[in-house]
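Peer 1: Below is the structure I would like to discuss, written out as structure tokens.
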Amino acid sequence: MIRQFLILMFLAVFSCLNCFSQIITSDNRLRQIINQYGQVEVTLPYTDKKSIEILTTNVSILSVKDKVVNVSLSPLTMGWFIQQKYDYQIVEKAAPKGVISALNLNKAMDWDIYPTYTQYDSIMQSFKTLYPSLCRLDTIGKSINGKLIFALKISKYPTTDGGNPSVFYTSTMHGDETGGYILMLHLADYLLKNYLVSDRVKNLIDNLDIWINPLANPDGTYNNGNTINSPTRYNANGYDLNRNFPDPFTPNTVKQKETIDMIKFLRKHKFVLSANFHSGTEVVNYPWDRWFSRFHADDSWFNAISRSYADTAHVYAGPEYMNFLNNGVTRGADWYIVYGGRQDFETWELNGREVTIELDDQYVTPAPQLPLLWQNNWHSLLGYLENALYGIHGLIRNVNSHAPLSAEVFISGHDIDSSQVYSDTLSGSFVRFLSPGSWNLTFSAAGYRDTTINAIVYSGQKTELIVDMSPITSGIEPINSTAHLLIYPNPASDVINIVFPDKIEGRMNLRIINQAGILISDSKIQVVQGVPVILDTKYLSAGAYTIVFTSSTTGISFHGRIVIIK
């Protein structure tokens, strides 16, 4: 009996030591993989939402599916994870192979292979060279390792910002999610080549300012130099850029250079609609990511445009593509909670509208499958952009001078959590996306009486609105009254003379805005006291325009209205 007891005790101790050895081995293997590749994927059993919230605050969750949580660890998050003593399994993958790169630029632009980074640079430069009247190449900034982060503007007005509503497509902020990178390059090429061929493409380019950022994290994608070899999710400092944006209630002070530059870019352009492309599963994810129990005021509208993207993909790719969760659509927090995500930042702080589109179950889309990825998505990509042509498109102006106004557009009883929008400071134009129905919009601007107007929104249509707001009279004539400008002849065809009040001179910014609120011209002039400013109007089409002069030294503005006849 004693002998049997000792044998059982020995087996129990040996089993515990063996388990401990396995834990140590797993942790060491974790460190080994991260040291070699910069990241590792592990799985944990799903327990409850509280556990998920703890995880998402400290590491990057990749997915929650079938009661399994997939997590990515970097050198920055590995230590915390090991300390928690989770019951985890390492997702052992074959040693990453370098992605075969295109032999030359022409081959890269067949969109069935990945370019080198220098080829990518050349591709973006070639768009600008081949289509100077339709596009402009800009940079959002540089990565930590000095790689350029490009943004291509495609528009009928490529050199003038603010002419049309701005929309934004951006991809691969996770460097190892590469399908969207080529998809965006292919889309830019398609739009530019088909402007004079496709009425659908022409309508998009004529009426929108389309910005495309194919590669938001070049250091992650090209982490070993000029070719794609073992790409990582993280930036060069080991940060997940899609957990690095300002969160409304959770301080996040360690902003990476790529994040800081992107925030400046987003704040500058004020995109009315955007999408952020990823891989790892196939689903359209819309706000909010950070709140499970709170819904965006326009949740039904978000669901509808997401549903449209997925359903269009089903038509062209078949029902087996993009069918995760609710047949390809989810509200972010219903899947799992994310803090510091870009789509919530864009939607909350900047009053924009952004979704996250997961394109492929594979993180690195194999090169031979890139043409299929395009076929599965290009109809949806165009359809998503077309959403920016619908809803309410308005112009807010002074009832007397018709000068553009910056105002808040708010729907009482509907708008919450920064869902209101604002008109453009220069043009007075605004865009408000809403589900079909009757809506009472209230417009508020400093120095003006609130104005409420009813508007009807129809599915797949634009509702145009001109809002004339009355100033609050105080008995004091404002200095920026149109009465101070003498404009003649008016109407005119070729030339208009403008005389400023006495003692007004110096450098001025001149903006010309058409009736639709589109900025037509933005230039600098010199005003000399008593000498008329001669305005060449031969290039303007027939119609009414608002002219705005702003002093470069005092900031005082003078507004006027001109009529052009031909």
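To be explicit about the labels: the chains of the structure tokens are called A, B, and onward in the order shown, and within each one the residues are counted from 1, while ligands get numbers from 1 in the order they are shown.
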Among region 114-242 of chain A, which residues carry a DSSP assignment of strand (DSSP E), reported as number ranges by chain?

Peer 2: A: 135-142, 148-154, 166-171, 209-213

Peer 1: Next, write the just-selected residues to a file, as a compact mmCIF listing (two decimals), in the first residue's frame, keeping N, CA, C and O atoms as the atom set.

Peer 2:
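Below you can see out.txt, which holds the result:
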```
# COMPACT_ATOMS: atom_id res chain seq x y z
N CYS A 135 -4.58 64.34 -60.87
CA CYS A 135 -4.10 63.90 -59.56
C CYS A 135 -2.94 64.74 -59.07
O CYS A 135 -2.26 65.42 -59.84
N ARG A 136 -2.73 64.66 -57.77
CA ARG A 136 -1.65 65.35 -57.09
C ARG A 136 -1.05 64.40 -56.07
O ARG A 136 -1.79 63.74 -55.32
N LEU A 137 0.27 64.32 -56.03
CA LEU A 137 0.93 63.44 -55.08
C LEU A 137 1.39 64.25 -53.87
O LEU A 137 2.06 65.27 -54.00
N ASP A 138 0.98 63.79 -52.71
CA ASP A 138 1.33 64.45 -51.46
C ASP A 138 1.94 63.41 -50.53
O ASP A 138 1.90 62.21 -50.80
N THR A 139 2.51 63.86 -49.43
CA THR A 139 3.02 62.94 -48.42
C THR A 139 2.37 63.28 -47.08
O THR A 139 2.24 64.44 -46.71
N ILE A 140 1.96 62.23 -46.39
CA ILE A 140 1.42 62.39 -45.04
C ILE A 140 2.56 62.63 -44.06
O ILE A 140 2.42 63.36 -43.08
N GLY A 141 3.69 62.03 -44.35
CA GLY A 141 4.87 62.19 -43.51
C GLY A 141 5.88 61.12 -43.86
O GLY A 141 5.84 60.54 -44.95
N LYS A 142 6.80 60.87 -42.94
CA LYS A 142 7.78 59.81 -43.09
C LYS A 142 7.66 58.84 -41.93
O LYS A 142 7.28 59.22 -40.82
N LEU A 148 8.74 57.30 -47.09
CA LEU A 148 7.65 58.23 -47.34
C LEU A 148 6.30 57.53 -47.23
O LEU A 148 6.13 56.39 -47.68
N ILE A 149 5.35 58.22 -46.63
CA ILE A 149 3.97 57.73 -46.54
C ILE A 149 3.14 58.59 -47.49
O ILE A 149 2.82 59.74 -47.19
N PHE A 150 2.83 58.04 -48.66
CA PHE A 150 2.22 58.80 -49.74
C PHE A 150 0.70 58.89 -49.61
O PHE A 150 0.04 58.01 -49.06
N ALA A 151 0.17 59.98 -50.17
CA ALA A 151 -1.27 60.13 -50.36
C ALA A 151 -1.48 60.75 -51.74
O ALA A 151 -0.88 61.77 -52.06
N LEU A 152 -2.31 60.11 -52.55
CA LEU A 152 -2.59 60.57 -53.91
C LEU A 152 -3.99 61.16 -53.94
O LEU A 152 -4.95 60.51 -53.54
N LYS A 153 -4.10 62.41 -54.40
CA LYS A 153 -5.41 63.04 -54.56
C LYS A 153 -5.85 62.91 -56.01
O LYS A 153 -5.13 63.33 -56.92
N ILE A 154 -7.04 62.35 -56.23
CA ILE A 154 -7.62 62.21 -57.57
C ILE A 154 -8.88 63.06 -57.60
O ILE A 154 -9.81 62.84 -56.83
N SER A 166 -14.36 65.75 -49.53
CA SER A 166 -13.15 64.92 -49.54
C SER A 166 -13.44 63.55 -48.93
O SER A 166 -14.07 63.45 -47.87
N VAL A 167 -12.95 62.50 -49.60
CA VAL A 167 -13.08 61.13 -49.12
C VAL A 167 -11.69 60.50 -49.08
O VAL A 167 -10.77 60.94 -49.77
N PHE A 168 -11.54 59.43 -48.28
CA PHE A 168 -10.20 58.89 -48.02
C PHE A 168 -10.23 57.38 -47.93
O PHE A 168 -11.04 56.81 -47.19
N TYR A 169 -9.36 56.74 -48.72
CA TYR A 169 -9.09 55.31 -48.60
C TYR A 169 -7.65 55.15 -48.11
O TYR A 169 -6.72 55.72 -48.69
N THR A 170 -7.44 54.35 -47.07
CA THR A 170 -6.09 54.13 -46.53
C THR A 170 -5.94 52.66 -46.18
O THR A 170 -6.90 52.01 -45.73
N SER A 171 -4.75 52.11 -46.40
CA SER A 171 -4.56 50.68 -46.20
C SER A 171 -3.23 50.37 -45.52
O SER A 171 -2.31 51.18 -45.52
N ASP A 209 -13.25 64.83 -54.00
CA ASP A 209 -11.79 64.84 -53.89
C ASP A 209 -11.41 63.50 -53.26
O ASP A 209 -11.61 63.29 -52.06
N ILE A 210 -10.88 62.58 -54.06
CA ILE A 210 -10.59 61.21 -53.62
C ILE A 210 -9.12 61.11 -53.24
O ILE A 210 -8.23 61.27 -54.08
N TRP A 211 -8.86 60.84 -51.97
CA TRP A 211 -7.49 60.65 -51.48
C TRP A 211 -7.25 59.17 -51.22
O TRP A 211 -8.09 58.50 -50.61
N ILE A 212 -6.10 58.66 -51.70
CA ILE A 212 -5.75 57.25 -51.52
C ILE A 212 -4.36 57.14 -50.92
O ILE A 212 -3.39 57.66 -51.47
N ASN A 213 -4.27 56.46 -49.77
CA ASN A 213 -3.00 56.16 -49.10
C ASN A 213 -2.81 54.65 -49.11
O ASN A 213 -3.35 53.95 -48.25
```

Peer 1: Mind running region 325-417 of chain A against region 546-565 of chain A at 10 Å and telling me each contacting residue's nearest atom pair with the distance in Å (one decimal), counting only C-alpha atoms, chain and number ascending, as JSON lines?

Peer 2:
```
{"residue": "A:Arg397", "atom": "CA", "partner": "A:Thr546", "partner_atom": "CA", "distance": 9.9}
{"residue": "A:Ser401", "atom": "CA", "partner": "A:Gly560", "partner_atom": "CA", "distance": 6.6}
{"residue": "A:His402", "atom": "CA", "partner": "A:Thr546", "partner_atom": "CA", "distance": 6.9}
{"residue": "A:Ala403", "atom": "CA", "partner": "A:His559", "partner_atom": "CA", "distance": 6.0}
{"residue": "A:Pro404", "atom": "CA", "partner": "A:Thr546", "partner_atom": "CA", "distance": 7.9}
```

Peer 1: Please produce a file of the residues just selected, as a PDB file, in the first residue's frame, where the atoms kept are all heavy atoms.

Peer 2:
```
ATOM      1  N   ARG A 397     -24.824  80.456 -45.470  1.00  0.00           N
ATOM      2  CA  ARG A 397     -24.329  81.784 -45.832  1.00  0.00           C
ATOM      3  C   ARG A 397     -25.101  82.873 -45.103  1.00  0.00           C
ATOM      4  O   ARG A 397     -26.182  82.654 -44.550  1.00  0.00           O
ATOM      5  CB  ARG A 397     -24.437  81.989 -47.341  1.00  0.00           C
ATOM      6  CG  ARG A 397     -25.848  81.897 -47.869  1.00  0.00           C
ATOM      7  CD  ARG A 397     -25.887  81.885 -49.387  1.00  0.00           C
ATOM      8  NE  ARG A 397     -27.268  82.030 -49.863  1.00  0.00           N
ATOM      9  CZ  ARG A 397     -27.630  82.047 -51.145  1.00  0.00           C
ATOM     10  NH1 ARG A 397     -26.713  81.920 -52.086  1.00  0.00           N
ATOM     11  NH2 ARG A 397     -28.898  82.189 -51.480  1.00  0.00           N
ATOM     12  N   SER A 401     -25.382  89.220 -47.372  1.00  0.00           N
ATOM     13  CA  SER A 401     -24.235  89.293 -48.277  1.00  0.00           C
ATOM     14  C   SER A 401     -23.985  88.008 -49.045  1.00  0.00           C
ATOM     15  O   SER A 401     -23.244  87.997 -50.024  1.00  0.00           O
ATOM     16  CB  SER A 401     -22.979  89.627 -47.481  1.00  0.00           C
ATOM     17  OG  SER A 401     -22.653  88.545 -46.607  1.00  0.00           O
ATOM     18  N   HIS A 402     -24.623  86.925 -48.585  1.00  0.00           N
ATOM     19  CA  HIS A 402     -24.374  85.589 -49.139  1.00  0.00           C
ATOM     20  C   HIS A 402     -22.930  85.138 -48.917  1.00  0.00           C
ATOM     21  O   HIS A 402     -22.445  84.227 -49.596  1.00  0.00           O
ATOM     22  CB  HIS A 402     -24.742  85.515 -50.625  1.00  0.00           C
ATOM     23  CG  HIS A 402     -26.219  85.565 -50.862  1.00  0.00           C
ATOM     24  ND1 HIS A 402     -26.777  85.555 -52.114  1.00  0.00           N
ATOM     25  CD2 HIS A 402     -27.254  85.626 -49.985  1.00  0.00           C
ATOM     26  CE1 HIS A 402     -28.095  85.618 -52.020  1.00  0.00           C
ATOM     27  NE2 HIS A 402     -28.401  85.661 -50.731  1.00  0.00           N
ATOM     28  N   ALA A 403     -22.250  85.756 -47.976  1.00  0.00           N
ATOM     29  CA  ALA A 403     -20.912  85.308 -47.603  1.00  0.00           C
ATOM     30  C   ALA A 403     -21.015  83.962 -46.884  1.00  0.00           C
ATOM     31  O   ALA A 403     -21.945  83.724 -46.115  1.00  0.00           O
ATOM     32  CB  ALA A 403     -20.256  86.336 -46.687  1.00  0.00           C
ATOM     33  N   PRO A 404     -20.088  83.042 -47.123  1.00  0.00           N
ATOM     34  CA  PRO A 404     -20.154  81.721 -46.485  1.00  0.00           C
ATOM     35  C   PRO A 404     -19.948  81.814 -44.978  1.00  0.00           C
ATOM     36  O   PRO A 404     -19.224  82.671 -44.488  1.00  0.00           O
ATOM     37  CB  PRO A 404     -19.021  80.951 -47.155  1.00  0.00           C
ATOM     38  CG  PRO A 404     -18.078  82.001 -47.632  1.00  0.00           C
ATOM     39  CD  PRO A 404     -18.915  83.178 -48.004  1.00  0.00           C
TER      40      PRO A 404
END
```

Peer 1: Rank A:Glu282, A:Asp206, A:Glu53, A:Glu346 by their smallest atom-to-atom distance to Tyr363 (chain A), using only C-alpha atoms, and report the top residue only.

Peer 2: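 Using only C-alpha atoms, the shortest distance to Tyr363 (chain A) belongs to A:Glu282.
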
Peer 1: May I have the residues within 8 Å of Asn327 (chain A) as JSON, numbers by chain, using only C-alpha atoms and disregarding those fewer than 3 positions away in the same chain?

Peer 2: {"A": [283, 310, 322, 323, 324]}

Peer 1: Could you give me, as a Markdown table, a per-residue list for region 180-282 of chain A showing, wherever an atom lies at most 12 Å from an atom of region 77-93 of chain A, the closest pair of atoms and their distance in Å to one decimal, using only C-alpha atoms and sorting by chain then residue number from low to high?

Peer 2:
```
| residue | atom | partner | partner_atom | distance |
| --- | --- | --- | --- | --- |
| A:Ser230 | CA | A:Lys93 | CA | 11.8 |
| A:Tyr234 | CA | A:Thr77 | CA | 11.4 |
| A:Asn237 | CA | A:Thr77 | CA | 11.9 |
| A:Gly238 | CA | A:Thr77 | CA | 8.9 |
| A:Tyr239 | CA | A:Thr77 | CA | 9.2 |
| A:Asp240 | CA | A:Thr77 | CA | 10.2 |
```

Peer 1: Quick one: contact table of region 427-454 of chain A to region 406-418 of chain A, 6 Å max, nearest atom pair and distance in Å to one decimal per residue, counting only C-alpha atoms, chain and number order, as JSON lines?

Peer 2:
```
{"residue": "A:Gly428", "atom": "CA", "partner": "A:Ser406", "partner_atom": "CA", "distance": 5.5}
{"residue": "A:Leu441", "atom": "CA", "partner": "A:Ile411", "partner_atom": "CA", "distance": 5.0}
{"residue": "A:Thr442", "atom": "CA", "partner": "A:Phe410", "partner_atom": "CA", "distance": 5.2}
{"residue": "A:Phe443", "atom": "CA", "partner": "A:Val409", "partner_atom": "CA", "distance": 4.9}
{"residue": "A:Ser444", "atom": "CA", "partner": "A:Glu408", "partner_atom": "CA", "distance": 5.2}
{"residue": "A:Ala445", "atom": "CA", "partner": "A:Ala407", "partner_atom": "CA", "distance": 4.5}
```

Peer 1: At what distance in Å, to one decimal, does CA of Phe302 (chain A) lie from CA of Leu215 (chain A)?

Peer 2: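 The value is 25.0 Å.
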
Peer 1: For Ser60 (chain A), work out the shell of residues within 12 Å, counting only C-alpha atoms and skipping chain neighbours fewer than 6 positions away, then give it as a PyMOL selection string.

Peer 2: chain A and resi 39-43+52-54+69-74+76-78+81+174+233-234+238-244+336-341

Peer 1: With distances taken over only C-alpha atoms, which of A:Ala94, A:Val399, A:Leu385, A:Met173 is nearest to Leu187 (chain A)?

Peer 2: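 Ranked by minimum distance to Leu187 (chain A), first place goes to A:Leu385.
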
Peer 1: Which residues are close to Arg331 (chain A), i.e. within 10 Å by only C-alpha atoms, leaving aside same-chain residues fewer than 6 positions away? Reply as a list in words.

Peer 2: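 Once the adjacent positions are removed, what remains is Val284, Asn285, Tyr286, Pro287, Trp288, Asp289, Trp291, Phe292, Phe295, His296, Asp299, Phe302, Asn303, Ser306, Leu325 and Val355 of chain A.
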
Peer 1: Could you write out, as a VMD selection string, all the residues of region 274-310 of chain A that DSSP marks as alpha helix (DSSP H)?

Peer 2: chain A and resid 299 to 310

Peer 1: With all heavy atoms retained, write the just-selected residues as a JSON list (two decimals), in the first residue's frame.

Peer 2:
```
[["chain", "number", "residue", "atom", "x", "y", "z"],
["A", 299, "ASP", "N", -26.26, 54.82, -36.53],
["A", 299, "ASP", "CA", -25.95, 53.39, -36.58],
["A", 299, "ASP", "C", -26.64, 52.70, -37.76],
["A", 299, "ASP", "O", -26.03, 51.87, -38.45],
["A", 299, "ASP", "CB", -26.37, 52.73, -35.27],
["A", 299, "ASP", "CG", -26.05, 51.25, -35.23],
["A", 299, "ASP", "OD1", -24.90, 50.90, -34.95],
["A", 299, "ASP", "OD2", -26.96, 50.44, -35.50],
["A", 300, "SER", "N", -27.90, 53.03, -38.01],
["A", 300, "SER", "CA", -28.63, 52.38, -39.11],
["A", 300, "SER", "C", -28.03, 52.75, -40.46],
["A", 300, "SER", "O", -27.96, 51.92, -41.37],
["A", 300, "SER", "CB", -30.11, 52.76, -39.06],
["A", 300, "SER", "OG", -30.29, 54.16, -39.20],
["A", 301, "TRP", "N", -27.55, 54.01, -40.60],
["A", 301, "TRP", "CA", -26.90, 54.42, -41.85],
["A", 301, "TRP", "C", -25.57, 53.68, -42.02],
["A", 301, "TRP", "O", -25.27, 53.18, -43.11],
["A", 301, "TRP", "CB", -26.67, 55.93, -41.84],
["A", 301, "TRP", "CG", -25.91, 56.43, -43.02],
["A", 301, "TRP", "CD1", -26.41, 56.75, -44.25],
["A", 301, "TRP", "CD2", -24.49, 56.64, -43.09],
["A", 301, "TRP", "NE1", -25.38, 57.15, -45.09],
["A", 301, "TRP", "CE2", -24.21, 57.10, -44.40],
["A", 301, "TRP", "CE3", -23.45, 56.50, -42.19],
["A", 301, "TRP", "CZ2", -22.90, 57.41, -44.82],
["A", 301, "TRP", "CZ3", -22.15, 56.79, -42.59],
["A", 301, "TRP", "CH2", -21.90, 57.24, -43.90],
["A", 302, "PHE", "N", -24.78, 53.60, -40.95],
["A", 302, "PHE", "CA", -23.52, 52.86, -41.00],
["A", 302, "PHE", "C", -23.77, 51.40, -41.40],
["A", 302, "PHE", "O", -23.05, 50.84, -42.23],
["A", 302, "PHE", "CB", -22.82, 52.90, -39.64],
["A", 302, "PHE", "CG", -21.80, 53.99, -39.50],
["A", 302, "PHE", "CD1", -21.95, 54.98, -38.53],
["A", 302, "PHE", "CD2", -20.68, 54.03, -40.31],
["A", 302, "PHE", "CE1", -20.99, 55.98, -38.38],
["A", 302, "PHE", "CE2", -19.73, 55.03, -40.18],
["A", 302, "PHE", "CZ", -19.89, 56.01, -39.21],
["A", 303, "ASN", "N", -24.78, 50.80, -40.79],
["A", 303, "ASN", "CA", -25.08, 49.41, -41.11],
["A", 303, "ASN", "C", -25.46, 49.26, -42.58],
["A", 303, "ASN", "O", -25.05, 48.30, -43.24],
["A", 303, "ASN", "CB", -26.20, 48.90, -40.21],
["A", 303, "ASN", "CG", -26.50, 47.44, -40.45],
["A", 303, "ASN", "OD1", -27.29, 47.09, -41.32],
["A", 303, "ASN", "ND2", -25.88, 46.57, -39.67],
["A", 304, "ALA", "N", -26.22, 50.22, -43.10],
["A", 304, "ALA", "CA", -26.69, 50.14, -44.49],
["A", 304, "ALA", "C", -25.53, 50.23, -45.48],
["A", 304, "ALA", "O", -25.47, 49.47, -46.45],
["A", 304, "ALA", "CB", -27.72, 51.23, -44.76],
["A", 305, "ILE", "N", -24.59, 51.16, -45.26],
["A", 305, "ILE", "CA", -23.49, 51.29, -46.23],
["A", 305, "ILE", "C", -22.53, 50.11, -46.11],
["A", 305, "ILE", "O", -21.93, 49.68, -47.10],
["A", 305, "ILE", "CB", -22.74, 52.63, -46.09],
["A", 305, "ILE", "CG1", -22.00, 52.75, -44.75],
["A", 305, "ILE", "CG2", -23.68, 53.81, -46.29],
["A", 305, "ILE", "CD1", -21.02, 53.89, -44.70],
["A", 306, "SER", "N", -22.39, 49.56, -44.90],
["A", 306, "SER", "CA", -21.56, 48.38, -44.72],
["A", 306, "SER", "C", -22.21, 47.17, -45.38],
["A", 306, "SER", "O", -21.54, 46.36, -46.04],
["A", 306, "SER", "CB", -21.33, 48.12, -43.23],
["A", 306, "SER", "OG", -20.72, 49.22, -42.59],
["A", 307, "ARG", "N", -23.52, 47.05, -45.20],
["A", 307, "ARG", "CA", -24.27, 45.97, -45.82],
["A", 307, "ARG", "C", -24.15, 46.03, -47.34],
["A", 307, "ARG", "O", -24.00, 45.01, -48.02],
["A", 307, "ARG", "CB", -25.73, 46.09, -45.39],
["A", 307, "ARG", "CG", -26.73, 45.06, -45.89],
["A", 307, "ARG", "CD", -26.65, 43.79, -45.11],
["A", 307, "ARG", "NE", -25.64, 42.90, -45.64],
["A", 307, "ARG", "CZ", -24.96, 42.01, -44.93],
["A", 307, "ARG", "NH1", -25.14, 41.91, -43.64],
["A", 307, "ARG", "NH2", -24.07, 41.23, -45.50],
["A", 308, "SER", "N", -24.21, 47.23, -47.88],
["A", 308, "SER", "CA", -24.11, 47.41, -49.33],
["A", 308, "SER", "C", -22.75, 46.96, -49.84],
["A", 308, "SER", "O", -22.65, 46.31, -50.90],
["A", 308, "SER", "CB", -24.34, 48.88, -49.69],
["A", 308, "SER", "OG", -24.20, 49.08, -51.08],
["A", 309, "TYR", "N", -21.67, 47.29, -49.11],
["A", 309, "TYR", "CA", -20.33, 46.85, -49.53],
["A", 309, "TYR", "C", -20.25, 45.33, -49.56],
["A", 309, "TYR", "O", -19.82, 44.74, -50.56],
["A", 309, "TYR", "CB", -19.26, 47.41, -48.58],
["A", 309, "TYR", "CG", -17.85, 47.18, -49.09],
["A", 309, "TYR", "CD1", -17.13, 48.22, -49.67],
["A", 309, "TYR", "CD2", -17.23, 45.93, -49.02],
["A", 309, "TYR", "CE1", -15.83, 48.02, -50.16],
["A", 309, "TYR", "CE2", -15.95, 45.71, -49.51],
["A", 309, "TYR", "CZ", -15.26, 46.77, -50.07],
["A", 309, "TYR", "OH", -14.00, 46.55, -50.57],
["A", 310, "ALA", "N", -20.68, 44.68, -48.47],
["A", 310, "ALA", "CA", -20.59, 43.23, -48.39],
["A", 310, "ALA", "C", -21.49, 42.55, -49.41],
["A", 310, "ALA", "O", -21.09, 41.58, -50.07],
["A", 310, "ALA", "CB", -20.93, 42.77, -46.98]]
```

Peer 1: Within 10 Å of Leu130 (chain A), counting only C-alpha atoms, which residues show up once you throw out same-chain ones fewer than 5 positions away? Write them as an MDAnalysis selection string, please.

Peer 2: chainID A and resid 125 135 192:193

Peer 1: Just the selected residues (N, CA and C atoms), exported as a compact mmCIF listing (two decimals), in the first residue's frame, please.

Peer 2:
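Output file part_9.txt is given in full below:
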```txt
# COMPACT_ATOMS: atom_id res chain seq x y z
N GLN A 125 4.86 58.19 -58.19
CA GLN A 125 5.35 59.31 -59.00
C GLN A 125 4.80 59.24 -60.42
N CYS A 135 -4.58 64.34 -60.87
CA CYS A 135 -4.10 63.90 -59.56
C CYS A 135 -2.94 64.74 -59.07
N LEU A 192 -7.86 56.64 -62.73
CA LEU A 192 -7.19 57.57 -63.64
C LEU A 192 -7.32 57.13 -65.09
N LYS A 193 -7.20 55.84 -65.34
CA LYS A 193 -7.30 55.34 -66.72
C LYS A 193 -8.71 55.43 -67.28
```

Peer 1: Quick one: distance from CA of Ala388 (chain A) to CA of Pro165 (chain A) in Å, one decimal?

Peer 2: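 Spanning CA of Ala388 (chain A) to CA of Pro165 (chain A) is a straight-line distance of 7.5 Å.
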
Peer 1: Given the choices A:Ile182, A:Lys566, A:Leu134, A:Ile113, which gets closest to Asn194 (chain A) if the distance is worked out from only C-alpha atoms?

Peer 2: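 For Asn194 (chain A), the nearest of the given residues is A:Leu134.
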
Peer 1: Counting only C-alpha atoms, what is within 7 Å of Ile396 (chain A), bar same-chain residues fewer than 5 positions away, as a list in words?

Peer 2: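 Contacts, in chain order: Pro404, Leu405, Gly428, Ser429, Ile466, Val467 and Asp468 of chain A.
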
Peer 1: Calculated over only C-alpha atoms, which of the candidates A:Asn104, A:Ser523, A:Ser427, A:Thr172 has the smallest distance to Pro214 (chain A)?

Peer 2: A:Thr172
